[in-house]
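The data block below is input_1.txt; it holds compact mmCIF, C-alpha atoms.
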```txt
# COMPACT_ATOMS: atom_id res chain seq x y z
CA MET A 218 19.66 1.62 -19.55
CA GLU A 219 19.57 4.52 -17.14
CA THR A 220 17.46 4.59 -13.99
CA TYR A 221 15.24 7.39 -15.22
CA GLN A 222 14.47 5.55 -18.46
CA ILE A 223 13.11 2.52 -16.59
CA TYR A 224 10.76 4.70 -14.56
CA ASN A 225 9.86 6.71 -17.63
CA LEU A 226 8.56 3.63 -19.38
CA THR A 227 6.86 2.49 -16.15
CA SER A 228 5.08 5.82 -15.94
CA ALA A 229 3.58 5.38 -19.42
CA VAL A 230 2.39 1.86 -18.53
CA LEU A 231 0.88 3.03 -15.23
CA PHE A 232 -0.95 5.87 -16.97
CA VAL A 233 -2.44 3.47 -19.50
CA ILE A 234 -3.45 1.01 -16.76
CA GLY A 235 -5.13 3.87 -14.93
CA ILE A 236 -7.00 5.14 -17.97
CA GLY A 237 -8.11 1.60 -18.79
CA GLY A 238 -9.33 1.26 -15.22
CA VAL A 239 -11.32 4.47 -15.43
CA PHE A 240 -13.19 3.06 -18.44
CA ALA A 241 -13.43 -0.60 -17.53
CA ALA A 242 -13.83 -0.64 -13.74
CA ARG A 243 -17.42 -0.63 -12.59
CA HIS A 244 -17.34 0.05 -8.89
CA PHE A 245 -16.91 3.68 -7.78
CA ILE A 246 -13.98 2.91 -5.50
CA ARG A 247 -12.15 1.11 -8.32
CA LYS A 248 -12.71 4.07 -10.62
CA ILE A 249 -11.26 6.45 -8.02
CA ILE A 250 -8.28 4.13 -7.47
CA ALA A 251 -7.78 4.11 -11.25
CA THR A 252 -7.58 7.91 -11.37
CA ILE A 253 -5.00 7.86 -8.59
CA ILE A 254 -2.95 5.31 -10.56
CA MET A 255 -3.16 7.58 -13.62
CA GLY A 256 -1.90 10.45 -11.48
CA GLY A 257 0.89 8.23 -10.17
CA GLY A 258 2.02 7.63 -13.74
CA VAL A 259 2.15 11.35 -14.50
CA PHE A 260 4.06 12.11 -11.30
CA LEU A 261 6.51 9.29 -12.02
CA SER A 262 7.38 10.76 -15.42
CA PHE A 263 7.85 14.21 -13.84
CA VAL A 264 10.23 12.91 -11.20
CA SER A 265 12.16 10.75 -13.64
CA PHE A 266 12.82 13.82 -15.80
CA ALA A 267 13.93 15.66 -12.66
CA GLU A 268 16.46 12.86 -12.11
CA ARG A 269 17.65 13.20 -15.70
CA ASP A 270 18.25 16.94 -15.31
CA ALA A 271 20.14 16.54 -12.01
CA LEU A 272 23.28 18.57 -11.40
CA THR A 273 24.44 18.51 -7.76
CA PHE A 274 20.85 17.67 -6.79
CA ALA A 275 17.81 16.59 -8.77
CA ASP A 276 15.66 19.34 -10.30
CA PRO A 277 13.59 20.58 -7.31
CA VAL A 278 10.82 22.25 -9.35
CA PRO A 279 9.19 19.00 -10.57
CA HIS A 280 9.56 17.60 -7.05
CA ALA A 281 7.65 20.55 -5.61
CA LEU A 282 5.03 20.31 -8.36
CA VAL A 283 4.58 16.60 -7.67
CA ILE A 284 4.17 17.15 -3.92
CA THR A 285 1.54 19.79 -4.69
CA GLY A 286 -0.06 17.47 -7.22
CA ILE A 287 -0.27 14.51 -4.84
CA VAL A 288 -2.04 16.60 -2.21
CA VAL A 289 -4.48 18.04 -4.76
CA ALA A 290 -5.14 14.55 -6.16
CA VAL A 291 -5.89 13.26 -2.67
CA ALA A 292 -8.24 16.18 -1.96
CA SER A 293 -10.15 15.54 -5.18
CA ALA A 294 -10.24 11.78 -4.53
CA ALA A 295 -11.67 12.44 -1.08
CA PHE A 296 -14.36 14.60 -2.67
CA ALA A 297 -15.07 11.88 -5.25
CA LEU A 298 -15.38 9.38 -2.42
CA ALA A 299 -17.87 11.63 -0.63
CA LEU A 300 -19.91 11.87 -3.83
CA ALA A 301 -19.76 8.10 -4.32
CA ARG A 302 -20.94 7.42 -0.78
CA ARG A 303 -23.72 9.94 -1.15
CA ILE A 304 -24.87 8.35 -4.41
CA TYR A 305 -24.87 4.97 -2.69
CA GLN A 306 -26.87 6.32 0.23
CA LEU A 307 -29.48 7.90 -2.00
CA THR A 308 -29.83 5.26 -4.72
CA GLY A 309 -28.16 2.11 -3.44
CA GLU A 310 -26.03 1.86 -6.56
CA GLU A 311 -22.36 1.00 -6.44
CA SER A 312 -21.58 1.79 -10.06
CA PHE A 313 -22.85 3.78 -12.99
CA THR A 314 -25.50 1.68 -14.65
CA ASN A 315 -27.11 2.45 -17.98
CA ASP A 316 -30.35 0.67 -17.23
CA LYS A 317 -32.64 3.63 -16.79
CA MET B 105 22.61 -4.27 -10.04
CA SER B 106 20.74 -0.99 -9.84
CA VAL B 107 19.02 -1.79 -13.13
CA LEU B 108 17.83 -5.04 -11.59
CA ILE B 109 16.40 -3.32 -8.51
CA ASP B 110 14.73 -0.61 -10.57
CA GLY B 111 13.36 -3.12 -13.05
CA LEU B 112 11.90 -5.29 -10.29
CA LEU B 113 10.41 -2.25 -8.58
CA ALA B 114 8.87 -1.11 -11.85
CA ILE B 115 7.38 -4.56 -12.48
CA LEU B 116 6.09 -4.66 -8.90
CA ALA B 117 4.40 -1.26 -9.25
CA ILE B 118 2.76 -2.24 -12.54
CA TYR B 119 1.65 -5.60 -11.14
CA LEU B 120 0.14 -4.03 -8.01
CA ALA B 121 -1.63 -1.37 -10.06
CA LEU B 122 -3.15 -4.02 -12.34
CA GLN B 123 -4.11 -6.26 -9.45
CA SER B 124 -5.71 -3.45 -7.46
CA LEU B 125 -8.03 -2.86 -10.42
CA LEU B 126 -8.65 -6.53 -11.19
CA ALA B 127 -8.92 -8.06 -7.71
CA PRO B 128 -12.27 -9.77 -7.29
CA ARG B 129 -12.97 -8.41 -3.83
CA LEU B 130 -13.10 -4.72 -3.07
CA ILE B 131 -11.23 -5.02 0.23
CA LYS B 132 -8.37 -6.75 -1.56
CA SER B 133 -8.38 -3.95 -4.07
CA VAL B 134 -7.96 -1.37 -1.33
CA PHE B 135 -5.12 -3.23 0.38
CA LEU B 136 -3.33 -3.71 -2.95
CA PHE B 137 -3.73 0.04 -3.44
CA PHE B 138 -1.90 0.59 -0.13
CA ALA B 139 0.89 -1.65 -1.39
CA PHE B 140 0.97 0.15 -4.73
CA GLY B 141 1.45 3.49 -2.96
CA LEU B 142 4.35 2.09 -0.96
CA ALA B 143 5.97 0.57 -4.07
CA LEU B 144 5.67 3.95 -5.75
CA ALA B 145 7.23 5.57 -2.67
CA LEU B 146 10.22 3.23 -3.05
CA ALA B 147 10.45 4.31 -6.69
CA TRP B 148 10.60 7.97 -5.61
CA VAL B 149 13.45 7.12 -3.25
CA ARG B 150 15.31 5.40 -6.11
CA LEU B 151 14.85 8.58 -8.14
CA GLY B 152 16.26 10.72 -5.31
CA ALA B 153 12.95 12.39 -4.46
CA VAL B 154 12.73 11.66 -0.74
CA ASP B 155 10.26 14.48 -0.08
CA VAL B 156 7.91 13.04 -2.66
CA ALA B 157 8.38 9.57 -1.18
CA ILE B 158 7.33 10.74 2.30
CA THR B 159 4.34 12.59 0.86
CA GLU B 160 3.29 9.62 -1.25
CA ALA B 161 3.60 7.11 1.58
CA ALA B 162 1.87 9.37 4.09
CA ILE B 163 -0.94 11.00 2.17
CA ALA B 164 -1.54 9.20 -1.12
CA SER B 165 -1.13 5.72 0.30
CA GLY B 166 -1.86 6.18 4.00
CA PHE B 167 -4.51 8.86 4.29
CA LEU B 168 -6.35 7.99 1.08
CA GLY B 169 -6.17 4.27 1.91
CA VAL B 170 -7.76 4.99 5.29
CA LEU B 171 -10.54 6.91 3.55
CA PHE B 172 -11.10 3.96 1.18
CA LEU B 173 -11.15 1.49 4.07
CA ASP B 174 -13.66 3.67 5.86
CA ALA B 175 -15.78 3.84 2.72
CA LEU B 176 -15.87 0.03 2.56
CA ARG B 177 -18.21 0.10 5.54
CA ASP B 178 -20.81 1.64 3.26
CA PHE B 179 -20.31 -0.53 0.22
CA SER B 180 -20.76 -4.24 0.31
CA PRO B 181 -17.35 -5.94 0.45
CA ALA B 182 -17.87 -8.16 -2.58
CA PHE B 183 -19.03 -6.59 -5.79
CA PRO B 184 -21.49 -7.26 -7.33
CA ALA B 185 -23.48 -8.41 -4.34
CA LYS B 186 -26.84 -8.09 -2.69
CA GLN B 187 -28.08 -4.64 -1.84
CA LYS B 188 -28.58 -3.63 1.74
CA ASN B 189 -31.07 -0.92 0.94
CA PRO B 190 -34.47 -2.56 0.28
CA GLU B 191 -36.08 0.45 -1.41
CA ALA B 192 -33.27 0.55 -3.93
CA ALA B 193 -33.48 -3.14 -4.73
CA HIS B 194 -35.20 -2.51 -8.03
CA ASN B 195 -32.19 -0.52 -9.15
CA VAL B 196 -29.94 -3.53 -9.00
CA LEU B 197 -29.31 -4.46 -12.54
CA VAL B 198 -25.93 -5.91 -13.19
CA LYS B 199 -26.64 -7.88 -16.30
CA ASN B 200 -23.81 -10.02 -17.42
CA ASN B 201 -24.50 -9.60 -21.04
CA THR B 202 -21.28 -11.13 -22.25
CA LYS B 203 -21.77 -10.31 -25.90
CA SER B 204 -22.17 -6.57 -25.44
CA LEU B 205 -19.39 -6.65 -22.86
CA LEU B 206 -17.05 -8.25 -25.39
CA LEU B 207 -18.06 -5.75 -28.04
CA SER B 208 -17.20 -2.85 -25.78
CA ARG B 209 -13.98 -4.41 -24.49
CA ILE B 210 -12.34 -5.06 -27.87
CA PRO B 211 -12.21 -1.40 -29.01
CA LEU B 212 -11.17 -0.39 -25.50
CA GLY B 213 -8.29 -2.87 -25.53
CA LEU B 214 -7.17 -1.81 -29.00
CA GLY B 215 -7.39 1.87 -28.08
CA LEU B 216 -5.42 1.33 -24.89
CA GLY B 217 -2.74 -0.63 -26.75
CA LEU B 218 -2.37 2.17 -29.29
CA PHE B 219 -2.33 4.74 -26.51
CA LEU B 220 0.36 2.79 -24.68
CA LEU B 221 2.59 2.87 -27.76
CA ILE B 222 2.05 6.61 -28.18
CA ALA B 223 2.75 7.26 -24.47
CA LEU B 224 5.89 5.11 -24.52
CA GLU B 225 7.18 6.95 -27.56
CA ALA B 226 6.35 10.31 -26.00
CA VAL B 227 8.26 9.69 -22.78
CA TRP B 228 11.12 8.01 -24.64
CA LYS B 229 11.64 10.88 -27.06
CA THR B 230 11.13 13.82 -24.70
CA PRO B 231 13.87 16.27 -25.67
CA GLU B 232 16.53 17.31 -23.17
CA GLY B 233 15.48 20.66 -21.77
CA GLY B 234 18.08 21.08 -19.06
CA GLY B 235 15.42 21.79 -16.46
CA LEU B 236 15.53 24.47 -13.79
CA THR B 237 18.19 22.87 -11.59
CA ALA B 238 20.80 25.48 -12.40
CA ALA B 239 18.44 28.38 -11.64
CA ALA B 240 17.34 26.81 -8.36
CA GLU B 241 20.94 26.16 -7.38
CA ALA B 242 21.96 29.75 -8.13
CA PHE B 243 19.22 31.31 -5.99
CA LEU B 244 19.26 28.75 -3.16
CA PRO B 245 21.45 30.92 -0.83
CA GLU B 246 18.89 33.75 -1.06
CA SER B 247 15.88 31.61 -0.20
CA GLY B 248 16.50 31.38 3.55
CA VAL B 249 16.49 27.56 3.59
CA GLU B 250 19.09 24.99 2.58
CA HIS B 251 16.90 22.29 1.07
CA PRO B 252 16.10 23.00 -2.60
CA VAL B 253 12.61 21.43 -2.58
CA THR B 254 11.54 23.46 0.46
CA ALA B 255 12.99 26.57 -1.20
CA VAL B 256 10.87 25.97 -4.30
CA LEU B 257 7.73 25.12 -2.32
CA LEU B 258 7.82 27.96 0.17
CA ASN B 259 9.82 30.66 -1.58
CA PHE B 260 10.24 30.45 -5.34
CA ARG B 261 6.80 29.00 -6.00
CA ALA B 262 5.06 30.01 -2.78
CA TYR B 263 1.99 30.95 -4.83
CA ASP B 264 1.40 27.26 -5.68
CA THR B 265 1.66 26.21 -2.06
CA TRP B 266 -0.70 28.96 -0.96
CA LEU B 267 -3.35 27.95 -3.47
CA GLU B 268 -2.83 24.30 -2.60
CA ILE B 269 -3.87 24.96 1.00
CA GLY B 270 -6.90 26.62 -0.55
CA VAL B 271 -7.62 23.53 -2.63
CA ILE B 272 -7.65 21.32 0.47
CA LEU B 273 -10.02 23.77 2.16
CA MET B 274 -12.24 23.76 -0.93
CA GLY B 275 -12.24 19.96 -0.89
CA LEU B 276 -13.37 20.02 2.73
CA LEU B 277 -16.15 22.51 1.98
CA ALA B 278 -17.29 20.42 -0.99
CA ILE B 279 -17.39 17.31 1.22
CA PHE B 280 -19.44 19.24 3.80
CA ALA B 281 -21.80 20.25 1.03
CA VAL B 282 -22.19 16.71 -0.33
CA GLY B 283 -22.65 15.06 3.03
CA GLY B 284 -25.65 17.07 4.07
CA ILE B 285 -26.49 17.70 7.70
CA LYS B 286 -25.25 14.94 9.93
CA VAL B 287 -25.78 13.95 13.47
CA TYR B 288 -22.35 13.48 14.94
CA ARG B 289 -22.19 10.20 16.67
CA LYS B 290 -19.61 9.64 19.36
CA PRO B 291 -18.10 6.19 19.00
CA ASN B 292 -16.36 6.44 22.39
CA MET B 293 -14.67 3.12 21.92
CA ALA B 294 -11.63 4.09 23.94
CA ALA B 295 -13.46 3.53 27.19
CA GLN B 296 -14.23 -0.10 26.37
CA ASP B 297 -11.19 -1.01 24.33
CA PRO B 298 -7.95 -0.97 26.36
CA MET B 299 -5.92 -1.81 23.26
CA LEU B 300 -7.19 1.21 21.34
CA ARG B 301 -6.59 3.45 24.35
CA GLN B 302 -3.01 2.24 24.69
CA VAL B 303 -2.39 2.74 20.98
CA ILE B 304 -3.74 6.29 21.16
CA MET B 305 -1.76 7.13 24.29
CA PHE B 306 1.44 5.74 22.82
CA PHE B 307 1.16 7.12 19.30
CA THR B 308 -0.17 10.62 19.97
CA PRO B 309 3.05 12.05 21.47
CA VAL B 310 5.26 10.07 19.08
CA LEU B 311 3.36 11.29 16.02
CA PHE B 312 3.37 14.85 17.31
CA LEU B 313 7.10 14.84 17.96
CA PHE B 314 7.92 13.19 14.64
CA GLY B 315 5.71 15.68 12.82
CA ALA B 316 7.41 18.60 14.53
CA PHE B 317 10.79 17.11 13.65
CA LEU B 318 9.84 16.76 9.97
CA LEU B 319 8.53 20.32 9.98
CA TYR B 320 11.73 21.78 11.36
CA PHE B 321 14.00 19.44 9.42
CA GLY B 322 12.39 20.61 6.17
CA LYS B 323 14.75 23.59 6.29
CA THR B 324 17.82 21.44 5.70
CA GLY B 325 16.56 18.13 4.36
CA PRO B 326 13.54 16.16 3.19
CA GLY B 327 10.44 17.07 5.13
CA GLY B 328 8.22 20.09 5.52
CA ALA B 329 4.72 21.33 6.04
CA PHE B 330 2.78 18.64 4.15
CA GLN B 331 4.59 15.69 5.62
CA ALA B 332 4.22 17.10 9.12
CA ALA B 333 0.58 17.93 8.48
CA VAL B 334 -0.25 14.33 7.58
CA LEU B 335 1.34 13.04 10.79
CA TRP B 336 -0.56 15.59 12.86
CA GLY B 337 -3.69 14.74 10.92
CA ALA B 338 -3.12 11.11 11.88
CA ILE B 339 -3.30 12.19 15.54
CA GLY B 340 -6.66 13.80 14.83
CA ILE B 341 -7.92 10.64 13.10
CA LEU B 342 -6.71 8.40 15.95
CA LEU B 343 -8.39 10.62 18.53
CA HIS B 344 -11.56 10.71 16.44
CA LEU B 345 -11.66 6.91 16.26
CA GLY B 346 -11.07 6.79 19.99
CA GLY B 347 -14.15 8.91 20.61
CA LYS B 348 -12.37 12.15 21.45
CA SER B 349 -12.77 14.03 18.22
CA ILE B 350 -10.85 17.31 18.34
CA ILE B 351 -13.12 18.71 15.66
CA GLU B 352 -16.10 18.46 17.99
CA GLU B 353 -14.40 19.15 21.30
CA ILE B 354 -13.27 22.65 20.46
CA PRO B 355 -15.65 25.58 19.89
CA ARG B 356 -16.83 26.40 16.39
CA TRP B 357 -15.00 29.72 15.99
CA LEU B 358 -11.70 28.14 17.03
CA ARG B 359 -12.28 25.28 14.59
CA GLN B 360 -12.83 27.73 11.75
CA LEU B 361 -9.80 29.77 12.79
CA ILE B 362 -7.54 26.69 12.84
CA LEU B 363 -8.79 25.56 9.44
CA THR B 364 -8.14 28.92 7.81
CA VAL B 365 -5.11 30.24 9.69
CA GLY B 366 -2.61 28.82 7.20
CA ILE B 367 -4.15 30.35 4.10
CA LEU B 368 -5.03 33.62 5.89
CA PHE B 369 -1.53 34.20 7.24
CA PHE B 370 -0.10 33.53 3.78
CA LEU B 371 -2.59 35.99 2.28
CA VAL B 372 -1.96 38.79 4.80
CA LEU B 373 1.80 38.34 4.49
CA GLY B 374 1.61 38.42 0.70
CA PHE B 375 -0.42 41.63 0.66
CA LEU B 376 1.90 43.25 3.22
CA PHE B 377 4.78 42.59 0.82
CA VAL B 378 2.77 44.05 -2.05
CA ALA B 379 1.98 47.12 0.08
CA GLY B 380 5.69 47.45 0.83
CA GLY B 381 6.48 47.68 -2.87
CA ASN B 382 7.71 44.12 -3.37
CA ALA B 383 6.22 41.30 -5.38
CA LEU B 384 3.72 38.90 -3.80
CA PHE B 385 5.65 36.49 -1.53
CA GLU B 386 8.97 38.26 -2.05
CA TYR B 387 10.33 37.83 1.46
CA PRO B 388 12.92 40.22 2.88
CA ARG B 389 16.14 38.24 2.80
CA ALA B 390 17.10 38.68 6.44
CA TYR B 391 13.83 37.19 7.72
CA ALA B 392 13.18 34.65 4.95
CA GLY B 393 14.15 31.59 7.01
CA LEU B 394 12.07 32.63 10.02
CA LEU B 395 9.05 33.62 7.91
CA ILE B 396 9.17 30.31 6.05
CA LEU B 397 9.22 28.41 9.35
CA ILE B 398 6.18 30.35 10.67
CA ILE B 399 4.28 29.88 7.40
CA GLU B 400 5.08 26.16 7.37
CA THR B 401 3.94 25.70 10.96
CA LEU B 402 0.63 27.48 10.42
CA ALA B 403 0.08 25.73 7.08
CA ALA B 404 0.79 22.36 8.70
CA ILE B 405 -1.74 23.07 11.47
CA SER B 406 -4.37 24.09 8.93
CA ILE B 407 -3.77 21.11 6.65
CA ALA B 408 -3.77 18.69 9.59
CA ALA B 409 -7.08 20.10 10.79
CA ALA B 410 -8.53 19.92 7.27
CA LEU B 411 -7.45 16.28 6.84
CA THR B 412 -8.92 15.38 10.23
CA ALA B 413 -12.15 17.15 9.34
CA ILE B 414 -12.33 15.37 5.96
CA PHE B 415 -11.92 12.01 7.67
CA ALA B 416 -14.37 12.84 10.46
CA ASN B 417 -16.92 14.03 7.94
CA LEU B 418 -16.62 11.00 5.67
CA ASN B 419 -16.61 8.76 8.74
CA GLN B 420 -20.01 10.13 9.79
CA MET B 421 -21.59 9.32 6.45
CA LYS B 422 -23.94 6.56 7.43
CA GLU B 423 -27.20 5.75 5.78
CA ASP B 424 -29.00 4.86 8.96
CA PRO B 425 -27.85 5.57 12.51
CA ASN B 426 -29.67 2.50 13.82
CA GLU B 427 -27.97 0.14 11.45
CA THR B 428 -25.13 -1.88 12.87
CA GLU B 429 -21.82 -1.42 11.18
CA SER B 430 -20.52 -4.28 9.14
CA ILE B 431 -16.82 -3.47 9.29
CA ASN B 432 -15.46 -1.52 12.20
```

Is it possible to give me this structure as structure tokens?
Amino acid sequence: METYQIYNLTSAVLFVIGIGGVFAARHFIRKIIATIIMGGGVFLSFVSFAERDALTFADPVPHALVITGIVVAVASAAFALALARRIYQLTGEESFTNDK
Amino acid sequence: MSVLIDGLLAILAIYLALQSLLAPRLIKSVFLFFAFGLALALAWVRLGAVDVAITEAAIASGFLGVLFLDALRDFSPAFPAKQKNPEAAHNVLVKNNTKSLLLSRIPLGLGLGLFLLIALEAVWKTPEGGGLTAAAEAFLPESGVEHPVTAVLLNFRAYDTWLEIGVILMGLLAIFAVGGIKVYRKPNMAAQDPMLRQVIMFFTPVLFLFGAFLLYFGKTGPGGAFQAAVLWGAIGILLHLGGKSIIEEIPRWLRQLILTVGILFFLVLGFLFVAGGNALFEYPRAYAGLLILIIETLAAISIAAALTAIFANLNQMKEDPNETESIN
């Protein structure tokens, strides 16, 4: 089994864990963490394919895309966190409840 | 041997991801998330993506983890728990209706299992495309830098990087918009806390130097604008926590200039090239290396300022200025 295949399979598992977390986690912070884990899975599959296509060096285009993607994911997570804190300030709720 | 290391690392990453979602206490969740980011960074190194590893460890694990830790001050550490806000007490309704919970969990579990099989098959059977390695290798001498990832980020796909700086700026503006008008409090803990003061005085020059090194080293090896920006942003966060927030010390126009200088310089440069008859971001070959270094420096300054401002802004989000902080 090649290195990239191990991480390929890991990426699929991480993505599924993340998507499960987005549905099943209740607290806002957990939901945001789950989206970051989903993103981690996607990035892992990108970089493992870059390793597969390596010649003298690994394919730099997926690497650059992943670096861009990580920064964008962090920016959106920071925004989500600001929204979550604002919701908590205004309503005192730490999760989405369906009781209204 | 390498299969063993990779397999263990993969199991570790999956375990940490699961645990960070399942941990009973929120603070444990956040610390496991830190660990997950670092495990993922090790995986990038195993895959030969050192640039991605530095970015992951610095921004996705470090910076985001700090934001989560800061957010924990707002939320109660154990969830579900008592509400601090008395007027919102009637909203607390976490019914443990096990039957309906079970009913919703079974389809979710089945769906996720099916999805896992589909995802595993998809990544396993992805056809060999060959990638763009050969193209990047052929044009590397013309890019003005020696490191292929920096060449892609700042030359071949400079458009992406430009818009990415814009995305960070947009994120900052959105956070400003959500947070409402805030009274900036000055923690000024450095005066009372000798430990914090020593840490700030020791780490500020070290972080600055290391950031500058990463920025310059990006030309020939792993490193570059984003990695440097996070280190410089860490200086801003340290100073902010020590009560000397750069964001508030400098005048407003200078703050706005620093935040936008990266994206503006990129924009003006791009349109100058267009006016000269070239494509957007088609650098003249003789100056490509120098131009890339200038762009990276300005972009790093802008991103560092934006990250500091994001932290400072989220850090000010308190429900009541009179309330004592639970975790600090």

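Interatomic distance, atom CA of Ala127 of chain B to atom CA of Gly141 of chain B: 16.2 Å.
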
Computed gap from atom CA of Ala229 of chain A to atom CA of Ser262 of chain A is 7.7 Å

**OP:** Excluding Gly169 of chain B and any residue of its chain fewer than 6 positions from it, enumerate the residues within 8 Å of it, using all atoms listed in the file, and give them as a VMD selection string.
**Re:** chain B and resid 134 to 135 137 to 138

Using only C-alpha atoms, the residue out of A:Ile236, A:Ile253, A:Val283, A:Ile246 with shortest distance to Tyr305 of chain A is A:Ile246

**Request:** With a distance cut-off of 12 Å and only C-alpha atoms, select the neighbouring residues of Thr252 of chain A, excluding the residue or stretch itself and same-chain residues fewer than 4 positions from it, and output the selection as an NGL selection string.
**Result:** (:A and (231-240 or 242 or 245-248 or 256-259 or 287 or 290-291 or 293-295 or 297-298)) or (:B and (121 or 125 or 137 or 164))
